[in-house]
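J.: File follows, query_10.csv with CSV, C-alpha atoms (C1' of nucleotides):
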```csv
chain,number,residue,atom,x,y,z
Z,1,MET,CA,-7.4,5.8,-25.2
Z,2,THR,CA,-5.4,6.8,-22.2
Z,3,GLN,CA,-6.1,10.4,-22.8
Z,4,SER,CA,-2.4,11.3,-22.8
Z,5,CYS,CA,-3.0,15.0,-23.4
Z,6,HIS,CA,0.5,16.3,-24.2
Z,7,HIS,CA,-0.8,19.2,-26.3
Z,8,ILE,CA,-4.4,19.6,-25.4
Z,9,CYS,CA,-4.4,20.1,-21.7
Z,10,VAL,CA,-4.9,23.7,-20.7
Z,11,THR,CA,-5.4,23.2,-17.0
Z,12,ARG,CA,-2.0,22.8,-15.4
Z,13,ASP,CA,-3.9,21.6,-12.4
Z,14,ASP,CA,-4.4,17.9,-13.1
Z,15,TYR,CA,-1.0,16.3,-12.6
Z,16,ALA,CA,-1.4,14.8,-16.0
Z,17,GLY,CA,1.5,12.4,-15.7
Z,18,VAL,CA,0.4,11.0,-12.4
Z,19,GLU,CA,-1.6,7.8,-12.3
Z,20,LEU,CA,-5.2,8.2,-11.2
Z,21,THR,CA,-4.8,5.5,-8.6
Z,22,PHE,CA,-1.8,7.3,-7.2
Z,23,LEU,CA,-3.7,10.5,-7.1
Z,24,LEU,CA,-6.6,8.9,-5.3
Z,25,GLY,CA,-4.2,7.4,-2.7
Z,26,LEU,CA,-2.5,10.8,-2.2
Z,27,GLY,CA,-5.8,12.6,-1.8
Z,28,PHE,CA,-7.0,10.1,0.8
Z,29,GLN,CA,-3.7,10.1,2.6
Z,30,LEU,CA,-3.5,13.9,2.8
Z,31,VAL,CA,-7.1,14.4,3.8
Z,32,LEU,CA,-6.9,11.7,6.4
Z,33,GLY,CA,-3.6,13.0,7.7
Z,34,GLU,CA,-5.1,16.5,8.1
Z,35,PHE,CA,-8.2,14.9,9.8
Z,36,THR,CA,-6.1,13.1,12.4
Z,37,ARG,CA,-3.9,16.1,13.0
Z,38,ARG,CA,-6.9,18.3,13.7
Z,39,LEU,CA,-8.5,15.6,15.8
Z,40,ALA,CA,-5.3,15.5,17.9
Z,41,ASP,CA,-5.4,19.3,18.3
Z,42,ALA,CA,-8.9,18.8,19.5
Z,43,GLY,CA,-7.7,16.5,22.3
Z,44,GLN,CA,-8.7,13.3,20.6
Z,45,GLY,CA,-5.2,12.2,19.7
Z,46,ASP,CA,-5.4,8.8,21.4
Z,47,LEU,CA,-7.9,7.4,18.9
Z,48,ARG,CA,-7.1,6.3,15.4
Z,49,PRO,CA,-9.5,6.4,12.5
Z,50,VAL,CA,-10.4,2.8,12.9
Z,51,HIS,CA,-11.7,3.6,16.4
Z,52,GLY,CA,-14.0,6.2,14.9
Z,53,MET,CA,-15.2,3.6,12.4
Z,54,ALA,CA,-15.9,1.2,15.3
Z,55,PHE,CA,-17.8,3.9,17.1
Z,56,GLN,CA,-19.9,4.5,14.0
Z,57,ALA,CA,-20.6,0.8,13.8
Z,58,LEU,CA,-21.7,0.7,17.5
Z,59,LYS,CA,-23.6,3.9,17.5
Z,60,GLY,CA,-27.3,3.5,18.4
Z,61,ASP,CA,-28.0,0.2,20.1
Z,62,GLY,CA,-24.5,-1.2,20.2
Z,63,ALA,CA,-23.6,-4.6,18.7
Z,64,THR,CA,-21.9,-7.8,19.5
Z,65,ALA,CA,-18.2,-8.3,18.8
Z,66,THR,CA,-19.0,-10.5,15.9
Z,67,GLU,CA,-21.4,-8.0,14.4
Z,68,LEU,CA,-18.7,-5.3,14.8
Z,69,ALA,CA,-16.3,-7.6,13.0
Z,70,GLU,CA,-18.6,-7.9,10.0
Z,71,ARG,CA,-19.1,-4.1,9.9
Z,72,LEU,CA,-15.4,-3.4,10.0
Z,73,GLY,CA,-14.4,-6.2,7.7
Z,74,VAL,CA,-12.1,-8.0,10.1
Z,75,THR,CA,-12.1,-11.3,12.0
Z,76,LYS,CA,-14.1,-11.5,15.2
Z,77,GLN,CA,-10.8,-11.9,17.1
Z,78,ALA,CA,-9.5,-8.6,15.7
Z,79,ALA,CA,-12.8,-7.0,16.7
Z,80,GLY,CA,-12.4,-8.5,20.1
Z,81,GLN,CA,-9.0,-7.0,20.5
Z,82,ILE,CA,-10.2,-3.6,19.4
Z,83,VAL,CA,-13.0,-3.8,22.0
Z,84,ASP,CA,-10.5,-4.9,24.6
Z,85,ASP,CA,-8.5,-1.8,23.9
Z,86,LEU,CA,-11.4,0.5,23.8
Z,87,GLU,CA,-12.9,-1.0,27.0
Z,88,ARG,CA,-9.6,-0.7,28.9
Z,89,ARG,CA,-9.5,3.0,27.9
Z,90,GLY,CA,-13.1,3.7,28.8
Z,91,TYR,CA,-14.7,4.2,25.4
Z,92,VAL,CA,-17.0,1.1,25.4
Z,93,ARG,CA,-18.5,-1.3,27.9
Z,94,ARG,CA,-19.5,-4.9,27.5
Z,95,GLU,CA,-23.0,-5.5,28.8
Z,96,PRO,CA,-25.0,-8.7,29.0
Z,97,HIS,CA,-26.9,-9.1,25.8
Z,98,PRO,CA,-30.7,-8.9,26.2
Z,99,GLY,CA,-31.0,-11.8,23.8
Z,100,GLY,CA,-29.1,-14.0,26.2
Z,101,GLY,CA,-26.8,-16.7,25.1
Z,102,ARG,CA,-23.1,-16.1,25.3
Z,103,ARG,CA,-23.4,-12.9,23.5
Z,104,LYS,CA,-22.3,-9.5,25.0
Z,105,LEU,CA,-23.5,-6.2,23.8
Z,106,VAL,CA,-20.8,-3.7,23.2
Z,107,VAL,CA,-22.1,-0.2,23.9
Z,108,LEU,CA,-20.5,3.3,23.7
Z,109,THR,CA,-19.7,5.4,26.7
Z,110,ALA,CA,-20.1,9.1,26.8
Z,111,ALA,CA,-16.4,9.6,25.9
Z,112,ALA,CA,-17.0,7.7,22.6
Z,113,ARG,CA,-20.1,9.7,21.8
Z,114,GLU,CA,-18.1,12.9,22.5
Z,115,HIS,CA,-15.4,11.7,20.1
Z,116,LEU,CA,-18.1,11.1,17.4
Z,117,LEU,CA,-19.3,14.6,17.8
Z,118,VAL,CA,-15.8,16.1,17.6
Z,119,ALA,CA,-14.8,14.0,14.7
Z,120,GLY,CA,-18.0,14.8,12.8
Z,121,ARG,CA,-17.4,18.5,13.3
Z,122,VAL,CA,-13.8,18.3,12.2
Z,123,LEU,CA,-14.8,16.3,9.1
Z,124,HIS,CA,-17.3,18.9,8.1
Z,125,GLU,CA,-15.0,21.8,8.8
Z,126,LEU,CA,-12.3,20.2,6.7
Z,127,GLU,CA,-14.7,19.5,3.8
Z,128,ALA,CA,-16.0,23.1,4.0
Z,129,GLU,CA,-12.4,24.4,3.8
Z,130,LEU,CA,-11.6,22.2,0.9
Z,131,ALA,CA,-14.6,23.6,-0.9
Z,132,GLY,CA,-12.6,26.8,-1.1
Z,133,SER,CA,-9.9,25.1,-3.3
Z,134,ALA,CA,-11.8,22.4,-5.1
Z,135,ASP,CA,-15.3,21.7,-6.4
Z,136,VAL,CA,-16.2,19.3,-3.6
Z,137,GLY,CA,-19.6,18.5,-5.2
Z,138,ALA,CA,-18.0,17.4,-8.4
Z,139,LEU,CA,-15.4,15.4,-6.4
Z,140,ARG,CA,-18.1,13.6,-4.4
Z,141,ARG,CA,-20.1,12.9,-7.6
Z,142,GLU,CA,-17.2,11.4,-9.5
Z,143,LEU,CA,-16.0,9.4,-6.5
Z,144,SER,CA,-19.5,8.0,-6.1
Z,145,ARG,CA,-19.6,7.0,-9.7
Z,146,VAL,CA,-16.2,5.2,-9.3
Z,147,VAL,CA,-17.4,3.4,-6.2
Z,148,ARG,CA,-20.6,2.4,-7.9
Z,149,ALA,CA,-18.8,1.2,-11.0
Z,150,LEU,CA,-16.4,-1.0,-9.0
Z,151,HIS,CA,-18.7,-2.2,-6.2
Z,152,GLY,CA,-22.2,-2.1,-7.6
Z,153,GLU,CA,-25.4,-0.7,-6.1
Z,154,GLY,CA,-25.4,-2.6,-2.8
Z,155,GLY,CA,-24.5,-1.0,0.6
Z,156,LEU,CA,-21.0,0.4,0.9
Z,157,PRO,CA,-18.2,-2.1,1.7
Z,158,PRO,CA,-16.2,-1.7,4.9
Z,159,LEU,CA,-13.2,0.7,4.6
Z,160,ARG,CA,-10.1,-1.3,5.4
Z,161,PRO,CA,-6.4,-0.4,5.7
Z,162,VAL,CA,-5.3,-0.2,2.1
Z,163,TRP,CA,-2.1,-2.1,1.8
K,164,MET,CA,-21.8,25.8,6.0
K,165,THR,CA,-21.4,22.1,5.6
K,166,GLN,CA,-23.6,22.2,2.4
K,167,SER,CA,-26.1,19.8,3.8
K,168,CYS,CA,-28.3,19.7,0.8
K,169,HIS,CA,-31.4,18.0,2.0
K,170,HIS,CA,-33.7,19.7,-0.5
K,171,ILE,CA,-31.4,20.9,-3.3
K,172,CYS,CA,-29.6,17.7,-4.4
K,173,VAL,CA,-30.9,16.4,-7.6
K,174,THR,CA,-28.2,13.8,-8.4
K,175,ARG,CA,-28.8,10.6,-6.4
K,176,ASP,CA,-25.3,9.8,-7.2
K,177,ASP,CA,-23.2,11.5,-4.5
K,178,TYR,CA,-23.8,9.4,-1.4
K,179,ALA,CA,-24.8,12.7,0.2
K,180,GLY,CA,-24.7,11.3,3.7
K,181,VAL,CA,-21.2,9.8,3.4
K,182,GLU,CA,-18.2,11.7,4.6
K,183,LEU,CA,-15.9,12.9,1.8
K,184,THR,CA,-13.0,11.4,3.6
K,185,PHE,CA,-14.7,8.0,3.7
K,186,LEU,CA,-15.6,8.3,0.1
K,187,LEU,CA,-12.0,9.1,-0.8
K,188,GLY,CA,-10.8,6.0,1.1
K,189,LEU,CA,-13.4,3.8,-0.4
K,190,GLY,CA,-12.6,5.0,-3.9
K,191,PHE,CA,-8.9,4.4,-3.4
K,192,GLN,CA,-9.5,1.0,-1.8
K,193,LEU,CA,-11.7,-0.2,-4.6
K,194,VAL,CA,-9.5,1.1,-7.4
K,195,LEU,CA,-6.4,-0.3,-5.8
K,196,GLY,CA,-8.1,-3.6,-5.2
K,197,GLU,CA,-9.2,-3.9,-8.8
K,198,PHE,CA,-5.7,-3.0,-9.8
K,199,THR,CA,-4.0,-5.7,-7.7
K,200,ARG,CA,-6.6,-8.2,-8.9
K,201,ARG,CA,-5.9,-7.6,-12.5
K,202,LEU,CA,-2.2,-7.6,-11.8
K,203,ALA,CA,-2.5,-11.0,-10.3
K,204,ASP,CA,-4.5,-12.2,-13.3
K,205,ALA,CA,-1.6,-10.9,-15.5
K,206,GLY,CA,0.8,-13.1,-13.6
K,207,GLN,CA,2.2,-10.5,-11.3
K,208,GLY,CA,0.5,-11.6,-8.2
K,209,ASP,CA,3.7,-11.9,-6.1
K,210,LEU,CA,4.3,-8.2,-6.0
K,211,ARG,CA,2.4,-5.8,-3.9
K,212,PRO,CA,1.8,-2.1,-4.7
K,213,VAL,CA,4.7,-1.0,-2.6
K,214,HIS,CA,7.0,-3.0,-4.8
K,215,GLY,CA,5.7,-1.2,-7.8
K,216,MET,CA,6.4,2.1,-6.0
K,217,ALA,CA,9.9,0.9,-5.3
K,218,PHE,CA,10.4,0.0,-9.0
K,219,GLN,CA,9.3,3.4,-10.0
K,220,ALA,CA,11.7,5.0,-7.6
K,221,LEU,CA,14.6,2.9,-9.0
K,222,LYS,CA,13.6,3.2,-12.6
K,223,GLY,CA,16.3,4.8,-14.7
K,224,ASP,CA,19.7,4.8,-13.1
K,225,GLY,CA,18.8,3.0,-9.9
K,226,ALA,CA,19.4,4.5,-6.4
K,227,THR,CA,21.0,3.7,-3.1
K,228,ALA,CA,19.0,2.1,-0.4
K,229,THR,CA,19.0,5.4,1.5
K,230,GLU,CA,17.7,7.3,-1.5
K,231,LEU,CA,15.0,4.7,-2.0
K,232,ALA,CA,14.0,5.1,1.7
K,233,GLU,CA,13.5,8.8,1.2
K,234,ARG,CA,11.5,8.3,-2.0
K,235,LEU,CA,9.2,5.8,-0.3
K,236,GLY,CA,9.0,7.7,3.0
K,237,VAL,CA,10.3,4.9,5.2
K,238,THR,CA,13.5,4.3,7.2
K,239,LYS,CA,16.6,3.1,5.5
K,240,GLN,CA,16.3,-0.1,7.4
K,241,ALA,CA,12.9,-0.7,6.0
K,242,ALA,CA,14.1,0.1,2.5
K,243,GLY,CA,17.0,-2.3,3.0
K,244,GLN,CA,14.5,-5.1,4.0
K,245,ILE,CA,12.4,-4.4,0.9
K,246,VAL,CA,15.6,-4.6,-1.3
K,247,ASP,CA,16.6,-7.8,0.5
K,248,ASP,CA,13.2,-9.3,-0.4
K,249,LEU,CA,13.3,-8.1,-4.0
K,250,GLU,CA,16.9,-9.2,-4.6
K,251,ARG,CA,16.1,-12.6,-3.2
K,252,ARG,CA,13.3,-12.9,-5.7
K,253,GLY,CA,15.3,-11.6,-8.6
K,254,TYR,CA,13.7,-8.2,-9.2
K,255,VAL,CA,16.7,-6.1,-8.3
K,256,ARG,CA,20.5,-6.4,-8.0
K,257,ARG,CA,22.9,-4.6,-5.7
K,258,GLU,CA,25.9,-3.3,-7.7
K,259,PRO,CA,28.9,-1.4,-6.6
K,260,HIS,CA,28.2,2.3,-6.7
K,261,PRO,CA,30.1,4.2,-9.3
K,262,GLY,CA,30.6,7.0,-6.8
K,263,GLY,CA,32.5,4.6,-4.5
K,264,GLY,CA,32.2,4.7,-0.8
K,265,ARG,CA,30.2,2.2,1.0
K,266,ARG,CA,27.3,2.8,-1.3
K,267,LYS,CA,25.6,0.2,-3.4
K,268,LEU,CA,23.5,1.0,-6.4
K,269,VAL,CA,20.2,-0.9,-6.5
K,270,VAL,CA,19.2,-1.5,-10.1
K,271,LEU,CA,16.2,-3.2,-11.6
K,272,THR,CA,16.4,-6.5,-13.4
K,273,ALA,CA,14.4,-7.3,-16.6
K,274,ALA,CA,11.7,-8.9,-14.4
K,275,ALA,CA,11.1,-5.7,-12.6
K,276,ARG,CA,11.0,-3.7,-15.9
K,277,GLU,CA,8.5,-6.2,-17.2
K,278,HIS,CA,6.4,-5.6,-14.1
K,279,LEU,CA,6.5,-1.9,-14.6
K,280,LEU,CA,5.2,-2.3,-18.2
K,281,VAL,CA,2.4,-4.6,-17.2
K,282,ALA,CA,1.4,-2.5,-14.2
K,283,GLY,CA,1.4,0.7,-16.4
K,284,ARG,CA,-0.8,-1.0,-19.0
K,285,VAL,CA,-3.2,-2.3,-16.3
K,286,LEU,CA,-3.5,1.2,-14.7
K,287,HIS,CA,-4.3,2.8,-18.0
K,288,GLU,CA,-6.8,0.2,-19.0
K,289,LEU,CA,-8.5,0.6,-15.6
K,290,GLU,CA,-8.6,4.3,-16.0
K,291,ALA,CA,-10.0,4.1,-19.5
K,292,GLU,CA,-12.7,1.7,-18.3
K,293,LEU,CA,-13.6,4.0,-15.4
K,294,ALA,CA,-14.0,6.8,-17.9
K,295,GLY,CA,-17.1,5.0,-19.1
K,296,SER,CA,-18.7,5.4,-15.7
K,297,ALA,CA,-17.3,8.7,-14.4
K,298,ASP,CA,-15.8,11.9,-15.6
K,299,VAL,CA,-12.2,10.9,-15.0
K,300,GLY,CA,-10.9,14.3,-16.1
K,301,ALA,CA,-13.0,16.1,-13.5
K,302,LEU,CA,-12.0,13.6,-10.9
K,303,ARG,CA,-8.3,14.1,-11.6
K,304,ARG,CA,-8.8,17.9,-11.6
K,305,GLU,CA,-10.5,18.0,-8.2
K,306,LEU,CA,-8.2,15.5,-6.7
K,307,SER,CA,-5.2,17.6,-7.9
K,308,ARG,CA,-6.7,20.6,-6.3
K,309,VAL,CA,-7.2,18.8,-3.0
K,310,VAL,CA,-3.7,17.6,-3.1
K,311,ARG,CA,-2.4,21.1,-3.8
K,312,ALA,CA,-4.5,22.6,-1.1
K,313,LEU,CA,-3.2,20.2,1.6
K,314,HIS,CA,0.4,19.8,0.4
K,315,GLY,CA,1.3,22.9,-1.5
K,316,GLU,CA,3.1,23.3,-4.8
K,317,GLY,CA,6.2,21.2,-4.1
K,318,GLY,CA,6.8,17.8,-5.5
K,319,LEU,CA,4.4,15.1,-4.6
K,320,PRO,CA,4.9,13.5,-1.2
K,321,PRO,CA,5.4,9.7,-0.9
K,322,LEU,CA,2.4,7.6,-0.8
K,323,ARG,CA,2.4,5.6,2.4
K,324,PRO,CA,0.1,2.9,3.9
K,325,VAL,CA,-2.7,5.0,5.3
K,326,TRP,CA,-3.5,3.8,8.8
M,327,DC,C1',46.2,10.0,12.9
M,328,DT,C1',41.9,11.5,14.7
M,329,DA,C1',37.3,13.0,14.4
M,330,DC,C1',33.3,13.4,11.9
M,331,DT,C1',30.0,12.0,8.4
M,332,DT,C1',27.5,8.9,5.6
M,333,DA,C1',25.8,4.2,3.9
M,334,DG,C1',24.7,-0.1,5.1
M,335,DT,C1',23.3,-3.8,8.3
M,336,DC,C1',22.1,-6.6,12.5
M,337,DA,C1',19.0,-7.2,16.1
M,338,DA,C1',15.2,-6.4,18.9
M,339,DG,C1',10.7,-4.6,19.5
M,340,DG,C1',6.0,-3.1,18.5
M,341,DT,C1',1.6,-3.0,16.1
M,342,DG,C1',-2.2,-4.9,14.2
M,343,DC,C1',-4.0,-8.3,12.0
M,344,DT,C1',-4.7,-13.6,11.0
M,345,DT,C1',-5.0,-18.6,11.8
M,346,DT,C1',-5.7,-22.3,14.9
M,347,DA,C1',-7.9,-24.1,18.7
M,348,DC,C1',-10.4,-23.9,22.7
M,349,DT,C1',-14.5,-22.9,26.0
M,350,DC,C1',-19.1,-21.5,27.2
M,351,DG,C1',-24.1,-21.2,26.7
M,352,DC,C1',-28.0,-22.7,24.5
M,353,DA,C1',-31.2,-25.4,21.2
M,354,DG,C1',-32.9,-29.5,19.1
M,355,DT,C1',-33.3,-34.5,18.8
M,356,DG,C1',-33.6,-39.3,20.1
X,357,DC,C1',-32.2,-37.0,30.2
X,358,DA,C1',-27.8,-37.2,27.8
X,359,DC,C1',-25.9,-36.1,23.1
X,360,DT,C1',-24.9,-33.5,19.4
X,361,DG,C1',-24.3,-29.4,17.1
X,362,DC,C1',-23.8,-24.5,16.6
X,363,DG,C1',-22.8,-19.7,17.4
X,364,DA,C1',-20.3,-16.3,20.3
X,365,DG,C1',-16.3,-15.2,22.7
X,366,DT,C1',-11.5,-15.8,23.9
X,367,DA,C1',-6.6,-17.4,24.3
X,368,DA,C1',-2.3,-18.2,22.0
X,369,DA,C1',0.7,-18.2,18.5
X,370,DG,C1',2.3,-16.6,14.1
X,371,DC,C1',3.1,-13.3,10.5
X,372,DA,C1',3.8,-9.0,7.8
X,373,DC,C1',5.7,-4.9,8.1
X,374,DC,C1',7.6,-1.3,10.1
X,375,DT,C1',10.5,1.2,13.8
X,376,DT,C1',14.3,2.2,17.2
X,377,DG,C1',18.9,1.4,18.7
X,378,DA,C1',23.4,0.0,18.1
X,379,DC,C1',27.0,-1.2,15.3
X,380,DT,C1',30.4,-1.6,11.2
X,381,DA,C1',32.7,0.1,7.1
X,382,DA,C1',34.3,3.7,3.9
X,383,DG,C1',35.4,8.1,2.9
X,384,DT,C1',36.8,13.1,4.2
X,385,DA,C1',38.4,17.2,6.8
X,386,DG,C1',41.1,19.0,10.6
```
Taking this structure as input, can you express it in the form of C-alpha cells?
T.:
Amino acid sequence: MTQSCHHICVTRDDYAGVELTFLLGLGFQLVLGEFTRRLADAGQGDLRPVHGMAFQALKGDGATATELAERLGVTKQAAGQIVDDLERRGYVRREPHPGGGRRKLVVLTAAAREHLLVAGRVLHELEAELAGSADVGALRRELSRVVRALHGEGGLPPLRPVW
Amino acid sequence: MTQSCHHICVTRDDYAGVELTFLLGLGFQLVLGEFTRRLADAGQGDLRPVHGMAFQALKGDGATATELAERLGVTKQAAGQIVDDLERRGYVRREPHPGGGRRKLVVLTAAAREHLLVAGRVLHELEAELAGSADVGALRRELSRVVRALHGEGGLPPLRPVW
DNA sequence: CTACTTAGTCAAGGTGCTTTACTCGCAGTG
DNA sequence: CACTGCGAGTAAAGCACCTTGACTAAGTAG
C-alpha cells in the first residue's frame, strides 16, 4: 500500500524513508534557493521571488492593483503594498487607467523588464544544469500529473508562500 | 539548450511552458494543502506543519531547545517560542535534563505522539492516492536526484518556509 | 576565585500579510 | 437633480512568525 520497499529497492537514490511531501518541499526550497542566489549574483539581489511573480502578472498591458491581487492570490491591500514598494524602487509606475474611474494601471518599467529577462535566463540555465543530474522531463511530467490530480484541469492556481 | 520542445513533445501533460521551479512550488503547495486539509478533518487542525516537524525532531529521547533549533533551522529563541506554544497546549513538556546544567529536555506528550501517528497515516494515504495519477516512484527518484545535485550527499537540510 | 562557555529567556524590532474601515469616482434610478 | 450603491484604492491597526541584542544561570577550566 505505502510501497515500503525494504527489500525490493535497488536504487539507493530515492530517500525511501523520506515522506514524498517532505521531498517535494526540499526540492522546491533548494531549487528556489539556488535561483535566488544566482539572481543575486546577477545583480538582482534586491528582488524576491514574489516580485518576479508580480512582474509576470503585470507583463504585457499591466493591470490594476485589484487584478494583481487576484493573480497573486493575496488581498488587494497586500497587492497595493507590493506596488508601493516596487514603485518606490522604480520597478513599476501607476498610470491613469484608460478605462477611467478610480482605477490606476500598474505598468512595468525597463528595470522590471530587465529583471524578467535575467530571471528567465537564470531559470533556464538552472533547469538545463539539473538535466545533467536528473531526468527533468520525467520530473516535469510527474509534477504536472500531481498538480492536475489535486487541482483539476483549470488554469494554474497562484503560487503562495507555503506555510 | 533549454530543451524548448515546440515540435517534439507528445505528452500534453507537462505544462511545457511553465518553469520547473514554479511547477515544483505548485506541487509542494498543493500536496501540503491537501495534507493540512485532511489533518484538520482528522481533528488535528490546531497544529501546523512546522509543529509536526518539531515533533519529528523531538521523537525518541527528546532534545534541548537549542538542539531543536538546529534541527528546524531557526534561532534558539524561535525554537523556545515554539516550545512555549506547544507546552501551553499540552503537546510537550520541559523536564530537567539528565545531563544536568541549565539544560532542559523537551519531550513529547501522548497528544503529540498521537499527532505523529495520524499525520504519518495521512501522508501515506495521500501518497498512495497520488500513485493512481502519477508515477510516484519516478517522482521520488527525480526529486532525490535534484536534492542530491543541489545539496550534496550529507544529511538532509532542514525544511524551512520558502519565501 | 576568575574567566570562559553554553543553555535558556526576555524584550524589542521587522517583515509581510490580514482585517477593518474609510474615501473617491462613477453609474443607475426615482 | 439628489440618492443610492458599487468597485477601486488607501489608511491604520493587528497578527503570526521570525530575528537581533542583551541578559541570566549553570557548569568548567585556568
J.: Just give me the gap between atom CA of Z:Gly155 and atom CA of K:Phe191 in Å, one decimal is fine.
T.: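 Between atom CA of Z:Gly155 and atom CA of K:Phe191 the gap works out to 17.0 Å.
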J.: Choose the residue, out of M:DC352, M:DA333, M:DA347, M:DA338, that has the smallest atom-to-atom separation from chain K; count all atoms listed in the file.
T.: M:DA333
J.: Find, counting all atoms listed in the file, the residue in K:Val213, K:Leu249, K:Arg265, K:Leu293 that gets nearest to X:DC373.
T.: K:Val213
J.: As a list of chain:residue names, please: the residues near Z:Leu123 (cut-off 8 Å, all atoms listed in the file, same-chain neighbours under 6 positions excluded).
T.: Z:Phe35, K:Glu182, K:Thr184
J.: Can you work out which residues from chain K touch chain X at a cut-off of 10 Å (counting all atoms listed in the file) and hand them back as a PyMOL selection string?
T.: chain K and resi 237-238+240-241+244-245+263-266
J.: Between atom CA of K:Gly295 and atom CA of K:His214, what is the spacing in Å?
T.: 29.1 Å
J.: Restrict the calculation to all atoms listed in the file, then for each residue of chain K with any atom at most 7 Å from an atom of chain Z give the closest atom pair and their distance in Å to one decimal, rows by chain and rising residue number, as CSV.
T.:
```
residue,atom,partner,partner_atom,distance
K:Met164,CA,Z:Ala128,CA,6.7
K:Thr165,CA,Z:Ala128,CA,5.7
K:Asp176,CA,Z:Arg141,CA,6.1
K:Asp177,CA,Z:Arg141,CA,4.6
K:Tyr178,CA,Z:Ser144,CA,6.5
K:Leu183,CA,Z:Arg140,CA,6.6
K:Thr184,CA,Z:Val31,CA,6.6
K:Leu186,CA,Z:Leu143,CA,6.7
K:Leu187,CA,Z:Phe28,CA,5.3
K:Gly188,CA,Z:Phe28,CA,5.6
K:Leu189,CA,Z:Leu159,CA,5.9
K:Gly190,CA,Z:Val147,CA,5.6
K:Phe191,CA,Z:Leu24,CA,5.4
K:Gln192,CA,Z:Val162,CA,5.9
K:Leu193,CA,Z:Leu150,CA,6.5
K:Val194,CA,Z:Thr21,CA,6.5
K:Leu195,CA,Z:Thr21,CA,6.6
K:His287,CA,Z:Thr2,CA,5.9
K:Ala291,CA,Z:Thr2,CA,6.0
K:Leu293,CA,Z:Val146,CA,6.7
K:Ser296,CA,Z:Arg145,CA,6.3
K:Ala297,CA,Z:Arg145,CA,5.5
K:Asp298,CA,Z:Glu142,CA,6.3
K:Leu302,CA,Z:Glu142,CA,5.8
K:Arg303,CA,Z:Asp14,CA,5.6
K:Arg304,CA,Z:Asp14,CA,4.6
K:Glu305,CA,Z:Ala134,CA,5.5
K:Leu306,CA,Z:Gly27,CA,6.2
K:Ser307,CA,Z:Asp14,CA,5.3
K:Arg308,CA,Z:Ala134,CA,5.5
K:Val309,CA,Z:Ala134,CA,6.2
K:Val310,CA,Z:Gly27,CA,5.6
K:Ala312,CA,Z:Ser133,CA,6.3
K:Leu313,CA,Z:Leu30,CA,6.4
K:Leu322,CA,Z:Leu26,CA,6.0
K:Pro324,CA,Z:Trp163,CA,5.9
K:Val325,CA,Z:Gln29,CA,5.9
K:Trp326,CA,Z:Pro161,CA,6.0
```
J.: Just the residues within 12 Å of K:Pro261, please, counting all atoms listed in the file, with nothing from its chain fewer than 6 positions along; format it as a PDB file with C-alpha atoms, in the frame of the given file.
T.:
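File produced: selection02.pdb:
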```pdb
ATOM      1  CA  ASP K 224      19.700   4.800 -13.100  1.00  0.00           C
ATOM      2  CA  GLY K 225      18.800   3.000  -9.900  1.00  0.00           C
ATOM      3  CA  ALA K 226      19.400   4.500  -6.400  1.00  0.00           C
ATOM      4  CA  THR K 227      21.000   3.700  -3.100  1.00  0.00           C
ATOM      5  CA  LYS K 267      25.600   0.200  -3.400  1.00  0.00           C
ATOM      6  CA  LEU K 268      23.500   1.000  -6.400  1.00  0.00           C
ATOM      7  CA  VAL K 269      20.200  -0.900  -6.500  1.00  0.00           C
TER       8      VAL K 269
END
```
J.: Where does chain M meet chain Z within 9 Å, residue by residue, with the nearest atom pair and distance in Å to one decimal for each, counting only C-alpha atoms (C1' of nucleotides), listed by chain and rising number, as a Markdown table?
T.:
```
| residue | atom | partner | partner_atom | distance |
| --- | --- | --- | --- | --- |
| M:DG342 | C1' | Z:Ala78 | CA | 8.3 |
| M:DC343 | C1' | Z:Ala78 | CA | 6.6 |
| M:DT344 | C1' | Z:Thr75 | CA | 7.8 |
| M:DC350 | C1' | Z:Arg102 | CA | 7.0 |
| M:DG351 | C1' | Z:Arg102 | CA | 5.4 |
| M:DC352 | C1' | Z:Gly101 | CA | 6.1 |
```
J.: Between atom CA of Z:Ala111 and atom C1' of M:DG340, measure the distance and give it in Å to one decimal.
T.: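 Spanning atom CA of Z:Ala111 to atom C1' of M:DG340 is a straight-line distance of 26.8 Å.
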J.: Would you please work out which residue, of K:Leu271, K:Leu235, K:Val281, K:Val246, is nearest to K:Lys222 when using only C-alpha atoms?
T.: K:Leu271
J.: When you count all atoms listed in the file, which of these residues is closest to M:DG334: K:Leu279, K:Ala228, K:Val285, K:Val255?
T.: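 For M:DG334, the nearest of the candidates is K:Ala228.
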J.: Skip Z:Tyr91 itself and residues of its chain fewer than 3 positions away, then list as a VMD selection string all residues within 10 Å of it, counting only C-alpha atoms (C1' of nucleotides).
T.: chain Z and resid 47 51 55 83 85 to 88 107 to 115
J.: Generate the output file for the selected residues, C-alpha atoms, as a compact mmCIF listing (two decimals), keeping the file's coordinate frame.
T.:
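Contents of the output file again22.txt:
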```
# COMPACT_ATOMS: atom_id res chain seq x y z
CA LEU Z 47 -7.90 7.40 18.90
CA HIS Z 51 -11.70 3.60 16.40
CA PHE Z 55 -17.80 3.90 17.10
CA VAL Z 83 -13.00 -3.80 22.00
CA ASP Z 85 -8.50 -1.80 23.90
CA LEU Z 86 -11.40 0.50 23.80
CA GLU Z 87 -12.90 -1.00 27.00
CA ARG Z 88 -9.60 -0.70 28.90
CA VAL Z 107 -22.10 -0.20 23.90
CA LEU Z 108 -20.50 3.30 23.70
CA THR Z 109 -19.70 5.40 26.70
CA ALA Z 110 -20.10 9.10 26.80
CA ALA Z 111 -16.40 9.60 25.90
CA ALA Z 112 -17.00 7.70 22.60
CA ARG Z 113 -20.10 9.70 21.80
CA GLU Z 114 -18.10 12.90 22.50
CA HIS Z 115 -15.40 11.70 20.10
```
